[in-house]
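Visitor: Please see the structure below; I have some questions.
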Amino acid sequence: MISKASAPGKVILFGEHFVVYGVKAILCAINKRVTVTAENIEDKIISIKSNIGDLELQPNKPISEIDSPLKPFYYLANKMIQNQNAGIKIIVKSEIPLGVGLGSSSACCVAGAAAISRLYSDTSKEKILEFAIEAEKTIFQNTSGADCTVCTYGGIMEFNKENGYTKIKSEPNFHLVIANSNIEHSTELVVNEVKSFKEKNEEEFSKLCDNETNLVEDVLELLKENNTKKLGEKINQNQKYLEAIGVSNEKIKEMIQIGMKSSFGAKITGAGGGGCIFALTDETNLNETINQFRNKSFECFSVKIDLKGLNTF
Ligand code: MEV
């Protein structure tokens, strides 16, 4: 039997890092995907092939002994084939650059959980999300779960660690221009750095969490009005909060300046410390913004919101 699934990447529009400490974040899925094909095979092995390398192991290896970015797939396959006298072959194809804040690992976990679990049963989306977050925890223990949630359900949503997600009904007609610093980051490392910052600056961090909470509430209103210009101002404000907790750097600041020249606003997406930034545009300033980045030799492309989320075939 063969089972196939695809899941979109994501951009965190507002609230990364603060979401780990209970603040509401706003995320959207983007029209770049990971597709995973899973197949039962007779040999008792777990074989994973992807554009970032391959992994082939016997089942039942301790997860802590596996040093590979493909570990979440192994975890999922090993969990699902328990008591089956067979193996699994997994093929991963991704359009999302790795380790730059666009949700490639969450999309892998979601598409992987769907493709692998559906070899055995008609798993619900809720259960797939649960498996995906478990798998993501093999590479990043303290995940808020926000990224896997938006990769599963798609669209644009508010997310809070305690209460989960609520889809935002308006469908804003903006384009996001993504620019890549080409500095790979480890989400876990940057999240740990923010934890140290918080421990050393409890009062300042708590104030920033309050500011972010207020900003997100304002944004939820602006989204109803589809007010792209004002949303851009909020994006710039959010970037300042991210700079205050130390997740920006000189290259990112340079990219933000370029993005701000013609877009409505620009900020980091995801963990920061490298990775990508996005600039908010519409039809009037999309091309100009892309040209600004390309003129300075930054890799960039535009994305739109993906409304579908997880897709199974
Ligand atoms: C990473 O894409 C987003 C962070 O907020 C971590 C998380 O929410 O798990 C930095």
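All residue names refer to the structure tokens as shown: chains lettered A, B, ... in order, residues numbered from 1 in each chain, ligands numbered from 1 in order.
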Could you give me, as a ChimeraX atom specification, the residues within 8 Å of range 144-153 of chain A, counting only C-alpha atoms and dropping anything in the same chain fewer than 2 positions from it?
Guide: /A:7-10,19-20,27-29,103,106-107,109-110,125,129,132-133,142,155-157,159-161,165,308-310
Visitor: May I ask which of the residues A:Tyr120, A:Phe131, A:Phe140, A:Phe264 is the closest one to ligand 1, counting only C-alpha atoms and all ligand atoms?
Guide: A:Phe140
Visitor: Can you list every residue in range 108-186 of chain A that DSSP puts in strand (DSSP E or B), as a count of residues only?
Guide: 15
Visitor: Determine, counting only C-alpha atoms, which protein, DNA and RNA residues have an atom within 10 Å of an atom of Ile139 in chain A; residues of the same chain fewer than 4 positions away are not included. Present the result as a ChimeraX atom specification.
Guide: /A:64,67-72,105,134-135,143,186-188
Visitor: Filtering to N, CA and C atoms, could you give me those residues as a PDB file, in the first residue's frame?
Guide:
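Done, and the output landed in selection.pdb:
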```pdb
ATOM      1  N   SER A  64      17.098   8.884  20.841  1.00  0.00           N
ATOM      2  CA  SER A  64      18.188   9.777  21.278  1.00  0.00           C
ATOM      3  C   SER A  64      19.516   9.447  20.586  1.00  0.00           C
ATOM      4  N   ASP A  67      21.183  10.866  14.990  1.00  0.00           N
ATOM      5  CA  ASP A  67      21.623  12.233  14.768  1.00  0.00           C
ATOM      6  C   ASP A  67      21.363  12.590  13.297  1.00  0.00           C
ATOM      7  N   SER A  68      20.128  12.967  13.025  1.00  0.00           N
ATOM      8  CA  SER A  68      19.756  13.290  11.639  1.00  0.00           C
ATOM      9  C   SER A  68      18.545  14.201  11.655  1.00  0.00           C
ATOM     10  N   PRO A  69      18.500  15.184  10.744  1.00  0.00           N
ATOM     11  CA  PRO A  69      17.292  16.023  10.672  1.00  0.00           C
ATOM     12  C   PRO A  69      16.060  15.218  10.236  1.00  0.00           C
ATOM     13  N   LEU A  70      16.292  13.968   9.771  1.00  0.00           N
ATOM     14  CA  LEU A  70      15.167  13.124   9.339  1.00  0.00           C
ATOM     15  C   LEU A  70      14.580  12.297  10.494  1.00  0.00           C
ATOM     16  N   LYS A  71      15.110  12.551  11.700  1.00  0.00           N
ATOM     17  CA  LYS A  71      14.676  11.817  12.891  1.00  0.00           C
ATOM     18  C   LYS A  71      13.151  11.787  13.094  1.00  0.00           C
ATOM     19  N   PRO A  72      12.420  12.914  12.869  1.00  0.00           N
ATOM     20  CA  PRO A  72      10.966  12.852  13.079  1.00  0.00           C
ATOM     21  C   PRO A  72      10.282  11.797  12.213  1.00  0.00           C
ATOM     22  N   SER A 105      10.291  22.063   8.827  1.00  0.00           N
ATOM     23  CA  SER A 105      10.251  20.864   9.670  1.00  0.00           C
ATOM     24  C   SER A 105       8.836  20.570  10.144  1.00  0.00           C
ATOM     25  N   GLU A 134       4.314  15.445  18.410  1.00  0.00           N
ATOM     26  CA  GLU A 134       5.195  14.467  19.088  1.00  0.00           C
ATOM     27  C   GLU A 134       6.496  14.310  18.291  1.00  0.00           C
ATOM     28  N   ALA A 135       6.355  14.198  16.956  1.00  0.00           N
ATOM     29  CA  ALA A 135       7.536  13.996  16.105  1.00  0.00           C
ATOM     30  C   ALA A 135       8.429  15.235  16.132  1.00  0.00           C
ATOM     31  N   THR A 143       8.633  23.083  21.638  1.00  0.00           N
ATOM     32  CA  THR A 143       7.772  23.722  20.629  1.00  0.00           C
ATOM     33  C   THR A 143       6.422  24.139  21.223  1.00  0.00           C
ATOM     34  N   SER A 186      19.108  27.229  14.285  1.00  0.00           N
ATOM     35  CA  SER A 186      18.467  26.134  15.006  1.00  0.00           C
ATOM     36  C   SER A 186      17.406  26.776  15.877  1.00  0.00           C
ATOM     37  N   THR A 187      16.139  26.422  15.620  1.00  0.00           N
ATOM     38  CA  THR A 187      15.040  27.013  16.395  1.00  0.00           C
ATOM     39  C   THR A 187      15.270  26.765  17.885  1.00  0.00           C
ATOM     40  N   GLU A 188      15.681  25.550  18.208  1.00  0.00           N
ATOM     41  CA  GLU A 188      15.878  25.185  19.615  1.00  0.00           C
ATOM     42  C   GLU A 188      16.907  26.109  20.276  1.00  0.00           C
TER      43      GLU A 188
END
```
Visitor: Just want the 7 Å neighbourhood of range 236-246 of chain A, counted on only C-alpha atoms, with same-chain residues fewer than 2 positions away dropped. Output as a ChimeraX atom specification.
Guide: /A:14,194,197,208,232-234,248,265-268
Visitor: Residues of the last selection are to be written out with N, CA, C and O atoms, as a PDB file, in the first residue's frame.
Guide:
```pdb
ATOM      1  N   PHE A  14       2.724  37.457  13.425  1.00  0.00           N
ATOM      2  CA  PHE A  14       2.932  38.161  14.698  1.00  0.00           C
ATOM      3  C   PHE A  14       3.119  37.141  15.820  1.00  0.00           C
ATOM      4  O   PHE A  14       2.419  36.125  15.834  1.00  0.00           O
ATOM      5  N   VAL A 194      16.478  33.005  24.006  1.00  0.00           N
ATOM      6  CA  VAL A 194      15.402  33.896  24.478  1.00  0.00           C
ATOM      7  C   VAL A 194      15.067  33.552  25.941  1.00  0.00           C
ATOM      8  O   VAL A 194      14.828  34.445  26.759  1.00  0.00           O
ATOM      9  N   PHE A 197      17.547  35.227  28.021  1.00  0.00           N
ATOM     10  CA  PHE A 197      17.240  36.670  28.068  1.00  0.00           C
ATOM     11  C   PHE A 197      16.123  36.920  29.078  1.00  0.00           C
ATOM     12  O   PHE A 197      16.202  37.806  29.918  1.00  0.00           O
ATOM     13  N   LEU A 208       7.315  43.264  27.522  1.00  0.00           N
ATOM     14  CA  LEU A 208       7.266  42.990  26.077  1.00  0.00           C
ATOM     15  C   LEU A 208       6.127  42.016  25.745  1.00  0.00           C
ATOM     16  O   LEU A 208       5.451  42.164  24.721  1.00  0.00           O
ATOM     17  N   GLY A 232       0.984  46.838   8.259  1.00  0.00           N
ATOM     18  CA  GLY A 232       2.427  47.024   8.041  1.00  0.00           C
ATOM     19  C   GLY A 232       3.074  47.744   9.221  1.00  0.00           C
ATOM     20  O   GLY A 232       4.161  47.363   9.674  1.00  0.00           O
ATOM     21  N   GLU A 233       2.389  48.760   9.750  1.00  0.00           N
ATOM     22  CA  GLU A 233       2.943  49.491  10.909  1.00  0.00           C
ATOM     23  C   GLU A 233       3.093  48.549  12.104  1.00  0.00           C
ATOM     24  O   GLU A 233       4.060  48.610  12.854  1.00  0.00           O
ATOM     25  N   LYS A 234       2.117  47.662  12.274  1.00  0.00           N
ATOM     26  CA  LYS A 234       2.163  46.700  13.394  1.00  0.00           C
ATOM     27  C   LYS A 234       3.303  45.702  13.188  1.00  0.00           C
ATOM     28  O   LYS A 234       3.933  45.251  14.142  1.00  0.00           O
ATOM     29  N   SER A 248      17.513  39.320  16.452  1.00  0.00           N
ATOM     30  CA  SER A 248      17.883  39.892  15.163  1.00  0.00           C
ATOM     31  C   SER A 248      19.414  39.936  15.070  1.00  0.00           C
ATOM     32  O   SER A 248      20.106  39.582  16.021  1.00  0.00           O
ATOM     33  N   GLY A 265       5.572  46.982   5.620  1.00  0.00           N
ATOM     34  CA  GLY A 265       6.251  46.670   6.873  1.00  0.00           C
ATOM     35  C   GLY A 265       7.039  45.381   6.701  1.00  0.00           C
ATOM     36  O   GLY A 265       6.733  44.583   5.811  1.00  0.00           O
ATOM     37  N   ALA A 266       8.075  45.192   7.536  1.00  0.00           N
ATOM     38  CA  ALA A 266       8.907  43.996   7.388  1.00  0.00           C
ATOM     39  C   ALA A 266       9.347  43.486   8.750  1.00  0.00           C
ATOM     40  O   ALA A 266       9.614  44.269   9.654  1.00  0.00           O
ATOM     41  N   LYS A 267       9.405  42.164   8.883  1.00  0.00           N
ATOM     42  CA  LYS A 267       9.878  41.560  10.132  1.00  0.00           C
ATOM     43  C   LYS A 267      10.396  40.137   9.902  1.00  0.00           C
ATOM     44  O   LYS A 267      10.144  39.540   8.841  1.00  0.00           O
ATOM     45  N   ILE A 268      11.071  39.640  10.932  1.00  0.00           N
ATOM     46  CA  ILE A 268      11.505  38.239  10.970  1.00  0.00           C
ATOM     47  C   ILE A 268      10.276  37.349  10.929  1.00  0.00           C
ATOM     48  O   ILE A 268       9.214  37.734  11.417  1.00  0.00           O
TER      49      ILE A 268
END
```
Visitor: Can you list every residue in range 206-285 of chain A that DSSP puts in helix (DSSP H, G or I), as a VMD selection string?
Guide: chain A and resid 206 to 225 228 to 244 250 to 262
Visitor: Between CA of Ile90 in chain A and CA of Leu55 in chain A, what distance in Å does the model show, to one decimal?
Guide: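 Separation between CA of Ile90 in chain A and CA of Leu55 in chain A: 9.7 Å.
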Visitor: Nearest residue to Gly259 in chain A out of A:Thr228, A:Asp43, A:Ala179, A:Lys61, using only C-alpha atoms?
Guide: A:Ala179
Visitor: Take CA of Lys169 in chain A and CA of Leu98 in chain A and report the distance between them in Å, one decimal.
Guide: 29.5 Å
Visitor: With distances taken over only C-alpha atoms, which residue among A:Leu231, A:Gly273, A:Gln82, A:Leu176 lies nearest Val191 in chain A?
Guide: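 Using only C-alpha atoms, Val191 in chain A sits closest to A:Gly273.
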Visitor: List as a list in words the protein and nucleic acid residues near Ile81 in chain A, meaning an atom at most 10 Å away when only C-alpha atoms are counted, but skip any in the same chain fewer than 5 places from it.
Guide: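 Here the qualifying residues turn out to be Asn40, Lys44, Ile46, Pro59, Asn60, Leu76, Ala86, Gly87, Ile88, Ile116, Ser117, Leu119 and Tyr120 of chain A.
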Visitor: Could you write out the selected residues, including N, CA, C and O atoms, as a PDB file, in the first residue's frame?
Guide:
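Output saved as again24.pdb:
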```pdb
ATOM      1  N   ASN A  40       4.457   0.552   2.491  1.00  0.00           N
ATOM      2  CA  ASN A  40       4.847  -0.656   3.236  1.00  0.00           C
ATOM      3  C   ASN A  40       5.801  -1.459   2.366  1.00  0.00           C
ATOM      4  O   ASN A  40       5.547  -1.626   1.175  1.00  0.00           O
ATOM      5  N   LYS A  44      12.365  -5.548   6.818  1.00  0.00           N
ATOM      6  CA  LYS A  44      12.090  -4.894   8.110  1.00  0.00           C
ATOM      7  C   LYS A  44      13.061  -3.738   8.331  1.00  0.00           C
ATOM      8  O   LYS A  44      13.940  -3.777   9.193  1.00  0.00           O
ATOM      9  N   ILE A  46      13.414   0.852   8.069  1.00  0.00           N
ATOM     10  CA  ILE A  46      12.773   2.149   7.839  1.00  0.00           C
ATOM     11  C   ILE A  46      13.734   2.918   6.942  1.00  0.00           C
ATOM     12  O   ILE A  46      14.881   3.182   7.324  1.00  0.00           O
ATOM     13  N   PRO A  59      14.097  -0.926  12.665  1.00  0.00           N
ATOM     14  CA  PRO A  59      13.174  -0.358  13.665  1.00  0.00           C
ATOM     15  C   PRO A  59      13.732  -0.499  15.092  1.00  0.00           C
ATOM     16  O   PRO A  59      14.697  -1.239  15.313  1.00  0.00           O
ATOM     17  N   ASN A  60      13.089   0.203  16.009  1.00  0.00           N
ATOM     18  CA  ASN A  60      13.349   0.113  17.453  1.00  0.00           C
ATOM     19  C   ASN A  60      14.699   0.638  17.935  1.00  0.00           C
ATOM     20  O   ASN A  60      15.185   0.229  18.970  1.00  0.00           O
ATOM     21  N   LEU A  76       8.112   8.598  13.635  1.00  0.00           N
ATOM     22  CA  LEU A  76       6.726   8.322  13.214  1.00  0.00           C
ATOM     23  C   LEU A  76       6.602   6.905  12.648  1.00  0.00           C
ATOM     24  O   LEU A  76       5.692   6.155  13.011  1.00  0.00           O
ATOM     25  N   ALA A  86       7.050  -5.917   8.981  1.00  0.00           N
ATOM     26  CA  ALA A  86       7.348  -5.283   7.691  1.00  0.00           C
ATOM     27  C   ALA A  86       8.117  -3.986   7.946  1.00  0.00           C
ATOM     28  O   ALA A  86       8.403  -3.628   9.087  1.00  0.00           O
ATOM     29  N   GLY A  87       8.438  -3.285   6.873  1.00  0.00           N
ATOM     30  CA  GLY A  87       9.128  -2.007   7.018  1.00  0.00           C
ATOM     31  C   GLY A  87       8.371  -0.905   6.284  1.00  0.00           C
ATOM     32  O   GLY A  87       7.272  -1.127   5.768  1.00  0.00           O
ATOM     33  N   ILE A  88       8.973   0.281   6.270  1.00  0.00           N
ATOM     34  CA  ILE A  88       8.341   1.423   5.580  1.00  0.00           C
ATOM     35  C   ILE A  88       9.400   2.158   4.759  1.00  0.00           C
ATOM     36  O   ILE A  88      10.516   2.399   5.239  1.00  0.00           O
ATOM     37  N   ILE A 116       2.279   8.433   6.857  1.00  0.00           N
ATOM     38  CA  ILE A 116       2.652   7.178   7.528  1.00  0.00           C
ATOM     39  C   ILE A 116       1.449   6.577   8.282  1.00  0.00           C
ATOM     40  O   ILE A 116       1.153   5.402   8.153  1.00  0.00           O
ATOM     41  N   SER A 117       0.728   7.419   9.032  1.00  0.00           N
ATOM     42  CA  SER A 117      -0.369   6.840   9.839  1.00  0.00           C
ATOM     43  C   SER A 117      -1.482   6.311   8.947  1.00  0.00           C
ATOM     44  O   SER A 117      -2.135   5.313   9.262  1.00  0.00           O
ATOM     45  N   LEU A 119      -1.219   4.705   6.311  1.00  0.00           N
ATOM     46  CA  LEU A 119      -0.940   3.362   5.790  1.00  0.00           C
ATOM     47  C   LEU A 119      -1.725   2.331   6.588  1.00  0.00           C
ATOM     48  O   LEU A 119      -1.987   1.227   6.125  1.00  0.00           O
ATOM     49  N   TYR A 120      -2.084   2.692   7.822  1.00  0.00           N
ATOM     50  CA  TYR A 120      -2.705   1.723   8.741  1.00  0.00           C
ATOM     51  C   TYR A 120      -4.156   2.037   9.092  1.00  0.00           C
ATOM     52  O   TYR A 120      -4.912   1.130   9.397  1.00  0.00           O
TER      53      TYR A 120
END
```
Visitor: Quick one: everything within 7 Å of Val36 in chain A, counting only C-alpha atoms, minus sequence neighbours fewer than 2 positions away in the same chain. Send it as a PyMOL selection string.
Guide: chain A and resi 4-6+34+38+90-93+111-112+115
Visitor: Taking only C-alpha atoms and all ligand atoms into account, name the residue in A:Gly15, A:Gly270, A:Gly22, A:Pro172 that is nearest to ligand 1.
Guide: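 Going through A:Gly15, A:Gly270, A:Gly22, A:Pro172 one by one, the smallest distance to ligand 1 is for A:Gly270.
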Visitor: Could you please determine the separation between CA of Phe278 in chain A and CA of Ile52 in chain A in Å, to one decimal place?
Guide: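 Between CA of Phe278 in chain A and CA of Ile52 in chain A the gap is 24.3 Å.
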Visitor: Hey, which of A:Ile12, A:Ile235, A:Leu222, A:Leu57 ends up closest to ligand 1? Count only C-alpha atoms and all ligand atoms.
Guide: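 When distances to ligand 1 are compared using only C-alpha atoms and all ligand atoms, the smallest one comes from A:Ile12.
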